[in-house]
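What follows is a set of notes on a single structure, which appears directly below.
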Amino acid sequence: MAILAFRDLVKSYGQTLALCGVTFEVQSGEIFGLLGPNGAGKSTLIRILMDIIRPDSGEVCVFGEPRRREHLDRMGYLPEERGIYTKLTVLDVMTYFGTLKGLTRAGARQRAAEWLERVELPQVSTWKVDRLSKGMSQKVQIASVLMSDPELCVLDEPTTGLDPVNVRMVQDLLLERRQRGRTTILSTHHMNQVEALCDGVALINKGRLVVYGTVDEVRRRHSLPEVRVYGSGILPPVPEISDVVDEAAGVWRLMLSDGTGPADALTALVRAGARIDRYEPMLAPMEDIFLRVVREEAA
Amino acid sequence: MTRWHKVRTVATFEFLTAVKRPGYLIATFGMPLFVAAYGAVVAIPAYFAAQKDKAEALYGVVDRVAVLALDGDAAAPTIQIPEDVRDTLESVGQGAALAKALEDSNFVFRPFDSEATARSALVGREIQGYFVLGEDYMTTGRVDMYAPDTISLSRGDSRGAFANLVRERLANGRVEPGLAARLISPVKDPRRYSITRTGEVTDGGQAASAVRLAVPLVFIVLFLMSVLMTAGYLMQGTATEKENKVVDVLLASANPDEILSGKLLGLGGAGLLQIGVWLLMALGTAIGVVPLLLTSGIQIPWLAVALAVPLFLIAFLFFGSLILGTGSLGSNIREAQQLAMVWSLTAAVPLMLMSVLISEPHGTTAKVMTWIPFSSGSIIMLRASMDPDFLAWWEIAGSILVLIGSTWLAIKLGARLFRVGLLSSGARPSLREIIRQARLT
């Protein structure tokens, strides 16, 4: 079931077209990667989703109906350009953001305290925000967004500036949300995170949707016809294989001939007497796909 | 549609944040102390000056025509203080001291045989000056005054006192005592009455006029102070949010109407609380005024008093919306204050036209301004206080309705400008961009 749908969104800033007919859906309970180079239109799309700016045309549907202001209480948002009130205490700021999302004041304070424990910062609750380090501030902001347990949450570059330990902690929080059926839209430039976390992806470039689907689909669709073979002995030549690269002892990367599928090549190799222990189609890394698509668009 | 729980959340946050600021607490409780300290600094030299004034001021008199018949030091006749002036002074706690200062005529005039001896006394600073009545005095009335070559503010008073002495001495023995008293003091204890347009006789004394004028004046001054102070808080708060990049988080949780209304109520409440504290402190020091006013028979303009709070709040929301919306378009706090200045100045227009409005509270200017939302609050207060009989109920109801409608529009317009302002970063958006963005609903 689609929890979010963008339909033919168009948005321009003066003469600059920021979004041009963007249409895609996000399924409930998944972590969805929103990708694109800088200035592609991701932030514009997110701000339209959060009703911060209005599209010139098109429609945004959330929770199965056209988005209304009331829906925002069920949604969370961590903007890319973010900040918090620096002169207030951490607990006061988190309480305010929680109450803005519909929590009671007492409930928000309790949740804030719990979430500070979860992000391993219980000691900062009474600190003024300007006393926090950059990483601490980032974790407080993530906790502020997640403490209201939004059904749909948009996190724009949530791990920028965090050390690997804290990156892992944030990833664990997102995975836990997915286990509980919560949907997260993750806007990031870290493709390894997309591969590790995301179920679906959309890549926007110059305001247009250029790649969309599940991560596996996208990787298959954009991968070269290559397979990796683990075995022993000599790999016999067959017409279905156009090129062979020795990667290590007993490990080969095979380029398939035009029109040949991985299964056909495997069948041909076995018939030719090859001794194969493991055989896997090679999926292109998301980073390669990202670079290739963006470069092709630029060309 | 505005969700009031969001408005309440924003308002509570803004109020608590504002009132906990050290700057706010210092201003709220420190300002009266500062004013008191300032008053003390001013009062101390004034006290010593008053003490000095109480000391005998000795002047010489050279009477060449012998009309004064001074055979020794003579004091000038005392000056009568009108009763209502005395009441007014007493009501503000200053009456006794001032009346005493006026009544205690401390000018003493000493006769000298010749101008040479008087001048010698003046050179020796035994006297503060001397008067010479020439031989042609009875035909010309000319009197020469000689004083040290220094500046003295009391010399004018000495001339008045000497004139009183001359009047008394001229009349003494020449006319019957009753007439002499009237010649010296021709208008004694004048009592003033006012006739309203309905023919009713009311107290026309200065105290009554002061009360009728004080109610709208206090209203307008407090209103201006609130608008200016709250404008400062609003500008500062919005600039901080833009600077701290909290704007997107706020707009993703509440719509601009809700944020704007919440800020107005929260920061406005903080501003009003501050003024309330100052007002209470001021009333505390002049607590004796209230029973005096209630027992003096002076008519309190109850209609104006009753209208003060609702008019204050509605007009405050009206100006606050415009100030916040316009100010948020500024790229920094100084630019924001410059942009919002136009509304602060507009709010001050009734004060600028006060002399015209007081002289003609139901004149064309006042009647037109009653219907203009920028001035209607202040003008209704003025008219209701100065001459309530000729302020029609439909004028009150109509102008309040206009003000409420204008406030609603101002909140809507302010919210749109607020959204444009919050989302703009860097340079101030152009007028065309503002209009384009504001039209997006």
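FYI, nothing fancy with the structure tokens labels: chains A, B, ... in order, residues from 1 per chain, ligands from 1 as they appear.
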*asked:* Distance limit 7 Å, atoms considered: only C-alpha atoms. Which chain A residues sit that close to chain B? Return them as a PyMOL selection string.
replied: chain A and resi 50-52+54+72-73+77+79+81-85+96+99-101
With C-alpha atoms kept, could you save the residues just selected as a compact mmCIF listing (two decimals), in the first residue's frame?
# COMPACT_ATOMS: atom_id res chain seq x y z
CA MET A 50 5.92 18.96 4.20
CA ASP A 51 3.70 21.82 2.91
CA ILE A 52 6.46 24.37 3.45
CA ARG A 54 3.50 24.96 -2.68
CA LEU A 72 1.73 16.80 9.26
CA ASP A 73 1.18 15.69 12.85
CA TYR A 77 11.02 16.06 9.12
CA PRO A 79 15.74 19.28 7.13
CA GLU A 81 19.75 22.94 6.69
CA ARG A 82 18.81 22.40 10.27
CA GLY A 83 19.26 24.01 13.59
CA ILE A 84 17.66 24.41 16.99
CA TYR A 85 17.18 27.19 19.47
CA TYR A 96 8.51 22.12 22.20
CA THR A 99 4.16 19.34 21.57
CA LEU A 100 4.09 20.87 18.08
CA LYS A 101 3.58 17.33 16.80
*Pick out the residues sitting within 9 Å of segment 215-226 of chain B, and hand them over as number ranges by chain; count only C-alpha atoms, and ignore anything fewer than 4 positions along from it in its own chain.*
B: 210-211, 230-231, 268, 271-272, 274-275, 301, 304-305, 308, 312, 315-316, 344, 347-348, 350-351, 354, 377-386
*Would you give me, as a PyMOL selection string, the residues in segment 55-270 of chain A that DSSP reads as alpha helix (DSSP H)?*
chain A and resi 90-100+105-118+134-146+164-179+191-197+215-221+262-270
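When the distance limit is 8 Å and only C-alpha atoms are what count, the residues near Ala113 of chain A, minus those fewer than 2 positions from it on the same chain, are Leu91, Arg109, Gln110, Arg111, Trp115, Leu116, Glu117, Pro122 and Ser125 of chain A.
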Selection file, N, CA and C atoms, as an mmCIF file, in the first residue's frame:
data_model
loop_
_atom_site.group_PDB
_atom_site.id
_atom_site.type_symbol
_atom_site.label_atom_id
_atom_site.label_comp_id
_atom_site.auth_asym_id
_atom_site.auth_seq_id
_atom_site.Cartn_x
_atom_site.Cartn_y
_atom_site.Cartn_z
ATOM 1 N N LEU A 91 16.205 19.758 26.692
ATOM 2 C CA LEU A 91 14.900 19.209 27.057
ATOM 3 C C LEU A 91 13.767 20.157 26.657
ATOM 4 N N ARG A 109 7.944 15.655 27.343
ATOM 5 C CA ARG A 109 9.131 15.676 28.212
ATOM 6 C C ARG A 109 9.600 14.258 28.516
ATOM 7 N N GLN A 110 8.623 13.379 28.724
ATOM 8 C CA GLN A 110 8.984 11.991 29.033
ATOM 9 C C GLN A 110 9.650 11.340 27.818
ATOM 10 N N ARG A 111 9.023 11.553 26.645
ATOM 11 C CA ARG A 111 9.598 10.973 25.422
ATOM 12 C C ARG A 111 10.984 11.535 25.142
ATOM 13 N N TRP A 115 14.269 9.391 24.620
ATOM 14 C CA TRP A 115 15.035 9.407 23.371
ATOM 15 C C TRP A 115 16.462 9.895 23.580
ATOM 16 N N LEU A 116 16.660 10.735 24.568
ATOM 17 C CA LEU A 116 18.048 11.127 24.868
ATOM 18 C C LEU A 116 18.836 9.915 25.374
ATOM 19 N N GLU A 117 18.157 9.038 26.108
ATOM 20 C CA GLU A 117 18.799 7.781 26.522
ATOM 21 C C GLU A 117 19.137 6.946 25.286
ATOM 22 N N PRO A 122 21.904 11.085 27.684
ATOM 23 C CA PRO A 122 20.996 11.479 28.781
ATOM 24 C C PRO A 122 21.534 12.647 29.597
ATOM 25 N N SER A 125 20.420 16.689 28.877
ATOM 26 C CA SER A 125 19.037 17.190 28.886
ATOM 27 C C SER A 125 18.933 18.609 29.443
#
*Between atom CA of Arg110 of chain B and atom CA of Leu58 of chain B, what is the spacing in Å?*
7.1 Å
*Please give the complete set of residues from segment 22-182 of chain A that DSSP, run on the backbone, assigns to strand (DSSP E or B), formatted as a PyMOL selection string.*
chain A and resi 22-27+31-35+57-62+65-66+75-78+89+128+152-156
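What separates atom CA of Ala43 of chain B from atom CA of Val277 of chain B is a distance of 24.0 Å.
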*Which residues, written as a list in words, have at least one atom at most 7 Å from segment 272-289 of chain A, with only C-alpha atoms counted and residues fewer than 6 positions away on the same chain left out?*
Met191, Glu195, Arg219, Arg220, His222, Ser223, Glu226, Val227, Arg228, Val229, Tyr230, Gly231, Ser232, Gly233, Leu235, Pro236 and Pro262 of chain A
*Quick one: residues within 12 Å of Gln128 of chain B, only C-alpha atoms counted, chain neighbours fewer than 2 positions away excluded, as a PyMOL selection string?*
chain B and resi 56-61+107-110+118-126+130-131+145-152+154-155+158
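The list of residues with at least one atom within 7 Å of Leu256 of chain A, based on only C-alpha atoms and without residues fewer than 2 positions apart in the same chain, reads Pro225, Glu226, Glu240, Ile241, Ser242, Leu254, Asp258 and Thr260 of chain A.
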Could you write out the selected residues, including C-alpha atoms, as a PDB file, in the first residue's frame?
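Final output, saved to again-v7.pdb:
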ATOM      1  CA  PRO A 225      25.864  -8.307 -18.106  1.00  0.00           C
ATOM      2  CA  GLU A 226      28.522  -9.745 -15.805  1.00  0.00           C
ATOM      3  CA  GLU A 240      28.081 -17.302 -24.355  1.00  0.00           C
ATOM      4  CA  ILE A 241      31.069 -15.648 -22.602  1.00  0.00           C
ATOM      5  CA  SER A 242      32.704 -12.754 -24.438  1.00  0.00           C
ATOM      6  CA  LEU A 254      32.823 -13.086 -16.871  1.00  0.00           C
ATOM      7  CA  ASP A 258      25.064  -9.944 -26.250  1.00  0.00           C
ATOM      8  CA  THR A 260      22.926 -14.030 -23.203  1.00  0.00           C
TER       9      THR A 260
END
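Using only C-alpha atoms for every distance, the candidate list B:Asp71, B:Phe162, B:Trp278, B:Leu264 yields B:Trp278 as the residue closest to Phe34 of chain B.
Atom CA of Gly327 of chain B lies 26.6 Å from atom CA of Asp56 of chain A.
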